[in-house]
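Trainee: Structure file run_7.txt (compact mmCIF, C-alpha atoms and all ligand atoms) is given on the next line.
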```
# COMPACT_ATOMS: atom_id res chain seq x y z
CA MET A 1 12.52 23.42 7.48
CA TYR A 2 12.37 22.05 10.92
CA ARG A 3 14.60 19.16 11.68
CA THR A 4 15.11 17.91 15.18
CA ASP A 5 15.53 14.30 14.38
CA THR A 6 18.51 12.68 15.99
CA SER A 7 17.03 9.27 16.52
CA GLU A 8 18.81 6.23 15.29
CA CYS A 9 15.90 4.56 13.61
CA HIS A 10 14.25 7.46 11.84
CA LYS A 11 17.31 9.21 10.51
CA SER A 12 16.68 8.49 6.86
CA SER A 13 13.46 10.37 6.60
CA GLY A 14 13.90 13.48 8.65
CA SER A 15 10.79 14.08 10.64
CA ARG A 16 8.68 11.50 8.89
CA LEU A 17 7.54 8.20 10.23
CA SER A 18 9.78 5.87 8.37
CA ARG A 19 12.38 3.25 8.97
CA GLU A 20 15.67 2.90 7.18
CA SER A 21 13.95 0.91 4.50
CA GLY A 22 11.43 3.64 3.93
CA SER A 23 8.74 1.04 4.18
CA LEU A 24 6.76 2.88 6.81
CA SER A 25 6.52 6.12 4.94
CA TYR A 26 2.89 5.99 3.85
CA PRO A 27 0.11 6.71 4.63
CA VAL A 28 1.39 7.79 8.00
CA GLU A 29 3.49 10.59 6.66
CA VAL A 30 3.39 12.13 10.02
CA ARG A 31 5.68 14.26 12.05
CA ILE A 32 7.44 12.33 14.75
CA GLY A 33 10.24 14.62 15.80
CA SER A 34 12.87 12.77 17.75
CA PRO A 35 11.80 10.10 20.18
CA SER A 36 15.21 10.11 21.82
CA PHE A 37 15.88 13.67 22.87
CA ALA A 38 15.29 14.99 26.35
CA GLY A 39 14.83 11.51 27.70
CA GLY A 40 11.69 11.10 25.66
CA ARG A 41 12.29 7.57 24.61
CA ALA A 42 10.40 4.67 26.13
CA PRO A 43 9.86 6.00 29.62
CA THR A 44 6.37 4.59 29.81
CA GLY A 45 6.81 0.88 30.11
CA LEU A 46 7.59 -2.25 28.22
CA GLY A 47 7.32 -2.14 24.49
CA GLN A 48 6.02 1.38 24.24
CA VAL A 49 7.47 4.72 23.14
CA GLU A 50 5.80 8.02 23.89
CA TYR A 51 6.34 10.91 21.51
CA ARG A 52 4.75 13.54 23.73
CA LEU A 53 7.95 15.49 24.30
CA ALA A 54 8.69 15.64 20.59
CA ARG A 55 5.12 16.66 19.88
CA ASP A 56 5.12 19.38 22.54
CA SER A 57 8.39 20.69 21.18
CA VAL A 58 6.86 21.12 17.72
CA VAL A 59 3.81 22.84 19.21
CA ARG A 60 6.07 25.18 21.19
CA ASP A 61 8.07 26.02 18.08
CA PHE A 62 4.86 26.80 16.25
CA HIS A 63 3.61 29.13 18.98
CA LYS A 64 7.00 30.86 19.11
CA GLY A 65 6.82 31.46 15.37
CA ARG A 66 9.70 29.17 14.48
CA LEU A 67 7.36 26.94 12.49
CA SER A 68 4.49 27.98 10.29
CA ARG A 69 1.13 26.32 9.79
CA ILE A 70 2.39 25.05 6.48
CA ASP A 71 5.19 23.30 8.35
CA VAL A 72 2.99 21.62 10.90
CA CYS A 73 -0.46 21.24 9.29
CA ASP A 74 0.44 18.93 6.48
CA ALA A 75 -1.58 15.75 6.93
CA GLN A 76 -1.92 13.93 3.66
CA ARG A 77 -5.33 13.45 2.17
CA GLU A 78 -5.15 9.72 2.85
CA LEU A 79 -4.34 10.30 6.51
CA LEU A 80 -7.27 12.71 6.77
CA ARG A 81 -9.51 10.16 5.09
CA VAL A 82 -8.47 7.44 7.52
CA ALA A 83 -8.94 9.84 10.42
CA GLU A 84 -12.44 10.56 9.19
CA HIS A 85 -13.47 6.93 8.90
CA LEU A 86 -11.43 5.04 11.50
CA GLY A 87 -10.28 7.72 13.90
CA HIS A 88 -11.34 7.95 17.51
CA GLU A 89 -12.30 11.43 18.53
CA THR A 90 -10.62 12.61 21.71
CA GLU A 91 -11.44 15.41 24.12
CA ILE A 92 -8.11 17.02 23.32
CA ASP A 93 -8.23 20.36 21.56
CA CYS A 94 -6.00 20.78 18.54
CA PRO A 95 -2.86 22.57 19.79
CA ILE A 96 -2.52 24.50 16.54
CA CYS A 97 -5.94 25.77 15.43
CA GLU A 98 -7.71 25.17 18.78
CA GLU A 99 -10.94 24.83 16.80
CA ALA A 100 -11.45 21.07 16.82
CA HIS A 101 -10.87 17.96 18.88
CA LEU A 102 -8.02 15.72 17.85
CA VAL A 103 -8.67 12.32 16.36
CA HIS A 104 -6.43 9.33 17.10
CA VAL A 105 -5.70 6.86 14.33
CA THR A 106 -3.85 3.56 14.80
CA PHE A 107 -1.68 2.00 12.10
CA ALA A 108 -0.06 -1.42 12.18
CA PHE A 109 3.17 -2.26 10.41
CA GLY A 110 4.99 -5.53 10.18
CA PRO A 111 5.42 -8.82 8.34
CA GLY A 112 2.49 -9.68 6.12
CA LEU A 113 1.04 -6.20 6.38
CA PRO A 114 0.96 -3.67 3.56
CA PRO A 115 4.14 -1.57 3.31
CA SER A 116 1.93 1.43 3.88
CA GLY A 117 0.62 -0.04 7.09
CA ARG A 118 -2.90 -1.04 7.97
CA ALA A 119 -5.26 1.41 9.62
CA LEU A 120 -7.21 -0.12 12.49
CA GLY A 121 -10.47 1.02 13.93
CA HIS A 122 -11.28 -0.85 17.12
CA ASN A 123 -9.07 -1.89 19.97
CA ARG A 124 -10.11 -5.50 19.44
CA GLU A 125 -8.68 -5.29 15.92
CA ILE A 126 -5.40 -4.13 17.42
CA VAL A 127 -5.34 -6.92 19.97
CA GLY A 128 -6.39 -9.51 17.38
CA LEU A 129 -3.68 -8.44 14.98
CA ALA A 130 -1.11 -8.36 17.78
CA ARG A 131 -1.99 -11.95 18.71
CA ALA A 132 -1.76 -13.12 15.10
CA ASN A 133 1.35 -11.14 14.28
CA PRO A 134 3.82 -10.93 17.19
CA ASP A 135 6.27 -8.88 15.11
CA ALA A 136 3.80 -6.12 14.31
CA SER A 137 4.30 -2.58 15.56
CA PHE A 138 1.48 -0.13 16.19
CA TYR A 139 1.55 3.62 15.82
CA ILE A 140 -1.05 6.03 17.14
CA VAL A 141 -1.21 9.30 15.28
CA GLU A 142 -3.16 12.38 16.32
CA VAL A 143 -4.83 14.28 13.52
CA CYS A 144 -6.81 17.51 13.35
CA ARG A 145 -9.42 17.30 10.62
CA GLN A 146 -9.85 21.04 10.79
CA CYS A 147 -6.30 22.26 10.12
CA SER A 148 -4.46 19.03 9.15
CA TRP A 149 -2.11 19.06 12.13
CA ASN A 150 -0.69 15.58 12.68
CA HIS A 151 1.87 14.02 14.95
CA LEU A 152 2.86 10.61 16.18
CA VAL A 153 1.64 10.08 19.73
CA ARG A 154 2.80 6.60 20.68
CA MET A 155 4.37 3.45 19.31
CA PHE A 156 3.85 0.06 20.91
CA THR A 157 4.80 -3.48 20.14
CA ALA A 158 2.51 -6.46 19.65
CA ALA A 159 3.44 -7.69 23.12
CA ALA A 160 2.32 -4.38 24.58
CA ALA A 161 -0.82 -4.43 22.44
CA ARG A 162 -1.79 -7.85 23.78
CA ARG A 163 -1.83 -6.39 27.27
CA ARG A 164 -4.36 -3.75 26.26
CA PRO A 165 -7.93 -4.17 27.42
CA LEU A 166 -10.41 -5.14 24.75
CA SER A 167 -12.96 -2.53 23.83
ZN ZN B 201 -6.30 21.95 14.18
```
Could I get this file's structure written as structure tokens?
Mentor:
Amino acid sequence: MYRTDTSECHKSSGSRLSRESGSLSYPVEVRIGSPSFAGGRAPTGLGQVEYRLARDSVVRDFHKGRLSRIDVCDAQRELLRVAEHLGHETEIDCPICEEAHLVHVTFAFGPGLPPSGRALGHNREIVGLARANPDASFYIVEVCRQCSWNHLVRMFTAAAARRRPLS
């Protein structure tokens, strides 16, 4: 099993999106790798963490044969369902199957929100929730509906979300 996680805040759950409490474990059971290795943590600006390096590392390991499709294409049915209904299709090809465009799904976690997070469709929902709930955190997950690849792309705080343009 692949395990690169050395981050302080995701230690308890291996590669899964989860905090110490385990309260963020569902439905975004998604691979996050380590946000802290190779300088990958928060280089992008205030209140935002990019997981691109961790994601690319997993993709590299897959293409080198260190990880199998079973290891990396394990999106839960609920995550696939949310991706189908609330996801935003991107122009990015799936790095694993290369047969479909990736879909981005945003989840919000925080006080007053379901322990499993709330899936959000439009950017204005994100901004509205960020204004109403300054302690919320937002996670963007990329999902392939073809092969079930999934990985965390970005985390941002409510303060960062409020700076996003409405769309
Ligand atoms: Zn795919």
Trainee: Each residue of chain A with at least one atom at most 8 Å from ligand ZN 201 (chain B) should appear once, together with its nearest atom pair and the corresponding distance in Å (one decimal); atoms considered: all atoms listed in the file; ordering: chain, then increasing residue number; output as CSV.
Mentor:
```
residue,atom,partner,partner_atom,distance
A:Cys73,CA,B:ZN201,ZN,7.6
A:Asp93,CA,B:ZN201,ZN,7.8
A:Cys94,CA,B:ZN201,ZN,4.5
A:Pro95,CA,B:ZN201,ZN,6.6
A:Ile96,CA,B:ZN201,ZN,5.1
A:Cys97,CA,B:ZN201,ZN,4.0
A:Glu98,CA,B:ZN201,ZN,5.8
A:Glu99,CA,B:ZN201,ZN,6.1
A:Ala100,CA,B:ZN201,ZN,5.9
A:His101,CA,B:ZN201,ZN,7.7
A:Leu102,CA,B:ZN201,ZN,7.4
A:Val143,CA,B:ZN201,ZN,7.8
A:Cys144,CA,B:ZN201,ZN,4.5
A:Arg145,CA,B:ZN201,ZN,6.6
A:Gln146,CA,B:ZN201,ZN,5.0
A:Cys147,CA,B:ZN201,ZN,4.1
A:Ser148,CA,B:ZN201,ZN,6.1
A:Trp149,CA,B:ZN201,ZN,5.5
```
Trainee: Would you work out the distance separating atom CA of A:Met155 from atom CA of A:Leu86, expressed in Å to one decimal?
Mentor: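 For atom CA of A:Met155 relative to atom CA of A:Leu86, the distance reads 17.7 Å.
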Trainee: What is the distance between atom CA of A:His122 and atom CA of A:Ile92, in Å to one decimal?
Mentor: 19.2 Å
Trainee: Show me the residues around (5.4, 11.4, 21.3) - criterion: an atom at most 7 Å away, all atoms listed in the file counted - as a PDB file with C-alpha atoms, in the coordinates of the input.
Mentor:
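Final file, point_17.pdb:
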```pdb
ATOM      1  CA  ILE A  32       7.440  12.330  14.750  1.00  0.00           C
ATOM      2  CA  PRO A  35      11.800  10.100  20.180  1.00  0.00           C
ATOM      3  CA  GLU A  50       5.800   8.020  23.890  1.00  0.00           C
ATOM      4  CA  TYR A  51       6.340  10.910  21.510  1.00  0.00           C
ATOM      5  CA  ARG A  52       4.750  13.540  23.730  1.00  0.00           C
ATOM      6  CA  LEU A  53       7.950  15.490  24.300  1.00  0.00           C
ATOM      7  CA  ALA A  54       8.690  15.640  20.590  1.00  0.00           C
ATOM      8  CA  ARG A  55       5.120  16.660  19.880  1.00  0.00           C
ATOM      9  CA  LEU A 152       2.860  10.610  16.180  1.00  0.00           C
ATOM     10  CA  VAL A 153       1.640  10.080  19.730  1.00  0.00           C
ATOM     11  CA  ARG A 154       2.800   6.600  20.680  1.00  0.00           C
TER      12      ARG A 154
END
```
Trainee: Could you state the separation of atom CA of A:Val103 and atom CA of A:Ala83 in Å, given to one decimal place?
Mentor: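 Atom-to-atom, atom CA of A:Val103 to atom CA of A:Ala83, that is 6.4 Å.
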Trainee: Just want the 6 Å neighbourhood of A:Glu142, counted on only C-alpha atoms, with same-chain residues fewer than 2 positions away dropped. Output as a list in words.
Mentor: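 Near neighbours after the sequence-gap exclusion: Val103, His104, Asn150 and His151 of chain A.
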Trainee: Which residues, protein or nucleic acid, reach to within 12 Å of (1.5, -9.6, 9.0) in the file's coordinates when using only C-alpha atoms, and can you give that as a list in words?
Mentor: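 Using only C-alpha atoms, the matching residues come out as Ala108, Phe109, Gly110, Pro111, Gly112, Leu113, Pro114, Pro115, Gly117, Arg118, Gly128, Leu129, Ala130, Arg131, Ala132, Asn133, Pro134, Asp135, Ala136, Ser137, Phe138 and Ala158 of chain A.
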Trainee: So for stretch 69-83 of chain A, what box centre and size do we get, axis-aligned, 4 Å extra on each of the six sides, every listed atom, Å to one decimal, as JSON?
Mentor:
```
{"center_x": -2.2, "center_y": 16.9, "center_z": 6.5, "size_x": 22.7, "size_y": 26.9, "size_z": 16.7}
```
Trainee: I need the residue nearest A:Ala159 from this list: A:Val141, A:Asp74, A:Val127, A:Asp56. Use all atoms listed in the file for the distance.
Mentor: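 Going through A:Val141, A:Asp74, A:Val127, A:Asp56 one by one, the smallest distance to A:Ala159 is for A:Val127.
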